[in-house]
Amino acid sequence: MGWPHTAAGRADFFVLTDLGARVKKVSGLKGRLLLEKDGASFLGGRRVDLLEAIAETGSISAAARTVGMSYKGAWDAIDAINNQSEHPLVICSVGGNDGGGTRLTEQGQQIIRLFRAGEAEYQRILDALMTGVDHFDAFQHMLRRFSMRTSARNQFVGKITRLTRGPVNTGVHLKLDRKNALMAVVTSESAATLELKVGLEVYALIKAPSIILTTDTTGRFSAENRLCGRVARIHQDEVNAEVRLALDQEKTVIATVTHETVDRLQLAEDTRACALFAASSVILALVQ
């Protein structure tokens, strides 16, 4: 399973079993209301707390207050969780007969159950992980999706569907879900180093300033990638505006644009828009 080892042939693991609790040393994994491996975040306990609060309150703002998180921080966490999951864990709706709200999917509920079971029975979980029991292998695979922390605001997970190899560059086509896809261009040397192949699951990272927004959802553009949806949130500061675009399948794209762009495109919540970005702006990564 690729667990890290020290020079002595093993790694020390720590498990914290509750919020104010003692640290118990066992063989394998370090957790402090989050799971860590070699000091890197594996799955944050605060995110699980947030998911639980959403299930209880049905509201992002109420859940954020419950766990002591800012409203923007809660949205960012939900965006990251949904973007890195094959199926959405949180579904947000606006308006309607019920006035809108937020709820967990069955996948999200399952994550909570598995995570809390891990806290309550940490030794059994560790033993199962080390021996490769099937359903814990699946849990570990999902945990790994949430482990990467980068400065890129847009982080997706997808499977390679096609590779177009050239002497200098390689085009990499990714399927994010049944409705969303994107393309990356990397050097052929990088493709060989990463051992890219059809069916491989990879991370796609795009910085928010690399995203161009347009309200023309039918035109043709030179950018290889176009992800369309509706504006879900606009956060403006003294310099720029951060626009959150909600896609199908609860995926999101974050773009950083000027205030003039917001005004010129007349962007507002629920405005239909597309995020355009070049294939060369996409950085691919693997988590071993």
# chains A, B, ... in the order shown; residues from 1 in each chain; ligands from 1
$ residues_around --residues "Arg153 (chain A)" --least-positions-apart "4" --cutoff "10 Å" --atoms "only C-alpha atoms" --output "JSON list (two decimals) with C-alpha atoms, in the first residue's frame"
[["chain", "number", "residue", "atom", "x", "y", "z"],
["A", 76, "ASP", "CA", -13.87, 26.70, -0.08],
["A", 79, "ASP", "CA", -15.65, 23.21, -3.27],
["A", 80, "ALA", "CA", -12.46, 21.26, -2.60],
["A", 149, "ARG", "CA", -2.61, 20.87, -0.51],
["A", 205, "LEU", "CA", -4.55, 21.95, -11.02],
["A", 206, "ILE", "CA", -5.46, 25.35, -12.49],
["A", 207, "LYS", "CA", -4.69, 28.68, -10.85],
["A", 208, "ALA", "CA", -7.64, 31.05, -10.52],
["A", 209, "PRO", "CA", -5.93, 33.92, -12.45],
["A", 253, "VAL", "CA", -14.40, 26.63, -10.86],
["A", 254, "ILE", "CA", -12.87, 29.66, -9.12],
["A", 255, "ALA", "CA", -11.73, 32.59, -11.28],
["A", 256, "THR", "CA", -9.90, 35.73, -10.18]]
$ residues_around --residues "Thr164 (chain A)" --least-positions-apart "6" --cutoff "10 Å" --atoms "only C-alpha atoms" --output "MDAnalysis selection string"
chainID A and resid 170:173 185 188
$ select_by_dssp --residues "region 72-108 of chain A" --states "alpha helix (DSSP H)" --output "list in words"
Lys72, Gly73, Ala74, Trp75, Asp76, Ala77, Ile78, Asp79, Ala80, Ile81, Asn82, Asn83, Glu106, Gln107 and Gly108 of chain A
$ write_last_selection --atoms "C-alpha atoms" --output "PDB file, in the first residue's frame"
ATOM      1  CA  LYS A  72     -15.954  31.692   2.839  1.00  0.00           C
ATOM      2  CA  GLY A  73     -13.748  28.999   4.394  1.00  0.00           C
ATOM      3  CA  ALA A  74     -16.720  26.627   4.544  1.00  0.00           C
ATOM      4  CA  TRP A  75     -17.510  27.241   0.869  1.00  0.00           C
ATOM      5  CA  ASP A  76     -13.870  26.703  -0.077  1.00  0.00           C
ATOM      6  CA  ALA A  77     -13.839  23.417   1.849  1.00  0.00           C
ATOM      7  CA  ILE A  78     -17.028  22.224   0.137  1.00  0.00           C
ATOM      8  CA  ASP A  79     -15.652  23.210  -3.274  1.00  0.00           C
ATOM      9  CA  ALA A  80     -12.460  21.258  -2.604  1.00  0.00           C
ATOM     10  CA  ILE A  81     -14.349  18.205  -1.318  1.00  0.00           C
ATOM     11  CA  ASN A  82     -16.698  18.059  -4.311  1.00  0.00           C
ATOM     12  CA  ASN A  83     -13.986  18.819  -6.867  1.00  0.00           C
ATOM     13  CA  GLU A 106     -25.241   9.246   0.391  1.00  0.00           C
ATOM     14  CA  GLN A 107     -21.517   9.367  -0.460  1.00  0.00           C
ATOM     15  CA  GLY A 108     -21.068  12.217   2.007  1.00  0.00           C
TER      16      GLY A 108
END
$ residues_around --residues "Asp216 (chain A)" --least-positions-apart "3" --cutoff "12 Å" --atoms "only C-alpha atoms" --output "ChimeraX atom specification"
/A:212-213,219-221,226-229,265,271-276
$ write_last_selection --atoms "C-alpha atoms" --output "PDB file, in the first residue's frame"
ATOM      1  CA  ILE A 212     -10.997  33.645 -18.334  1.00  0.00           C
ATOM      2  CA  LEU A 213     -14.746  34.182 -17.869  1.00  0.00           C
ATOM      3  CA  GLY A 219     -19.197  30.930 -29.270  1.00  0.00           C
ATOM      4  CA  ARG A 220     -15.928  29.356 -30.408  1.00  0.00           C
ATOM      5  CA  PHE A 221     -12.748  30.204 -28.559  1.00  0.00           C
ATOM      6  CA  ARG A 226     -14.475  25.407 -21.567  1.00  0.00           C
ATOM      7  CA  LEU A 227     -16.443  24.585 -18.416  1.00  0.00           C
ATOM      8  CA  CYS A 228     -19.878  26.217 -18.236  1.00  0.00           C
ATOM      9  CA  GLY A 229     -22.244  26.798 -15.363  1.00  0.00           C
ATOM     10  CA  LEU A 265     -19.924  41.076 -18.223  1.00  0.00           C
ATOM     11  CA  THR A 271     -25.628  34.462 -14.392  1.00  0.00           C
ATOM     12  CA  ARG A 272     -24.833  31.823 -16.996  1.00  0.00           C
ATOM     13  CA  ALA A 273     -21.091  31.895 -17.785  1.00  0.00           C
ATOM     14  CA  CYS A 274     -18.195  29.774 -18.986  1.00  0.00           C
ATOM     15  CA  ALA A 275     -14.661  29.374 -17.665  1.00  0.00           C
ATOM     16  CA  LEU A 276     -12.041  29.283 -20.419  1.00  0.00           C
TER      17      LEU A 276
END
$ select_by_dssp --residues "region 217-282 of chain A" --states "strand (DSSP E)" --output "ChimeraX atom specification"
/A:225-236,240-246,252-258,272-277
$ write_last_selection --atoms "C-alpha atoms" --output "compact mmCIF listing (two decimals), in the first residue's frame"
# COMPACT_ATOMS: atom_id res chain seq x y z
CA ASN A 225 -10.98 24.07 -22.22
CA ARG A 226 -14.48 25.41 -21.57
CA LEU A 227 -16.44 24.59 -18.42
CA CYS A 228 -19.88 26.22 -18.24
CA GLY A 229 -22.24 26.80 -15.36
CA ARG A 230 -23.85 29.54 -13.30
CA VAL A 231 -22.26 32.12 -11.04
CA ALA A 232 -22.81 30.93 -7.48
CA ARG A 233 -20.87 33.59 -5.57
CA ILE A 234 -18.84 36.76 -6.15
CA HIS A 235 -16.40 37.92 -3.49
CA GLN A 236 -14.86 41.34 -4.16
CA ASN A 240 -9.88 41.87 -7.64
CA ALA A 241 -13.02 39.80 -7.59
CA GLU A 242 -13.22 36.07 -6.95
CA VAL A 243 -16.00 34.42 -8.93
CA ARG A 244 -17.25 30.93 -8.06
CA LEU A 245 -18.83 29.19 -11.02
CA ALA A 246 -21.05 26.19 -10.22
CA THR A 252 -16.93 24.34 -9.21
CA VAL A 253 -14.40 26.63 -10.86
CA ILE A 254 -12.87 29.66 -9.12
CA ALA A 255 -11.73 32.59 -11.28
CA THR A 256 -9.90 35.73 -10.18
CA VAL A 257 -10.87 38.67 -12.40
CA THR A 258 -10.86 42.47 -12.25
CA ARG A 272 -24.83 31.82 -17.00
CA ALA A 273 -21.09 31.90 -17.78
CA CYS A 274 -18.20 29.77 -18.99
CA ALA A 275 -14.66 29.37 -17.66
CA LEU A 276 -12.04 29.28 -20.42
CA PHE A 277 -8.46 28.18 -19.91
$ closest_residue --among "A:Met69, A:Val157, A:Ile60, A:Ala278" --to "Arg46 (chain A)" --atoms "only C-alpha atoms"
A:Met69
$ closest_residue --among "A:Tyr71, A:Gly45, A:Met183, A:Val168" --to "Gly118 (chain A)" --atoms "only C-alpha atoms"
A:Gly45
$ closest_residue --among "A:Ser222, A:Arg65, A:Thr57, A:Ala117" --to "Arg103 (chain A)" --atoms "only C-alpha atoms"
A:Thr57
$ residues_around --residues "Asn180 (chain A)" --least-positions-apart "3" --cutoff "8 Å" --atoms "only C-alpha atoms" --output "ChimeraX atom specification"
/A:175-177,227,248
$ write_last_selection --atoms "N, CA and C atoms" --output "JSON list (two decimals), in the first residue's frame"
[["chain", "number", "residue", "atom", "x", "y", "z"],
["A", 175, "LYS", "N", -11.41, 12.87, -18.10],
["A", 175, "LYS", "CA", -12.83, 12.86, -17.80],
["A", 175, "LYS", "C", -12.99, 13.07, -16.30],
["A", 176, "LEU", "N", -13.63, 14.18, -15.91],
["A", 176, "LEU", "CA", -13.82, 14.49, -14.50],
["A", 176, "LEU", "C", -15.04, 13.77, -13.93],
["A", 177, "ASP", "N", -16.10, 13.73, -14.72],
["A", 177, "ASP", "CA", -17.32, 13.01, -14.37],
["A", 177, "ASP", "C", -18.10, 12.82, -15.66],
["A", 227, "LEU", "N", -15.56, 25.17, -19.41],
["A", 227, "LEU", "CA", -16.44, 24.59, -18.42],
["A", 227, "LEU", "C", -17.53, 25.62, -18.11],
["A", 248, "ASP", "N", -22.08, 21.45, -13.51],
["A", 248, "ASP", "CA", -22.87, 20.24, -13.27],
["A", 248, "ASP", "C", -22.11, 19.31, -12.33]]
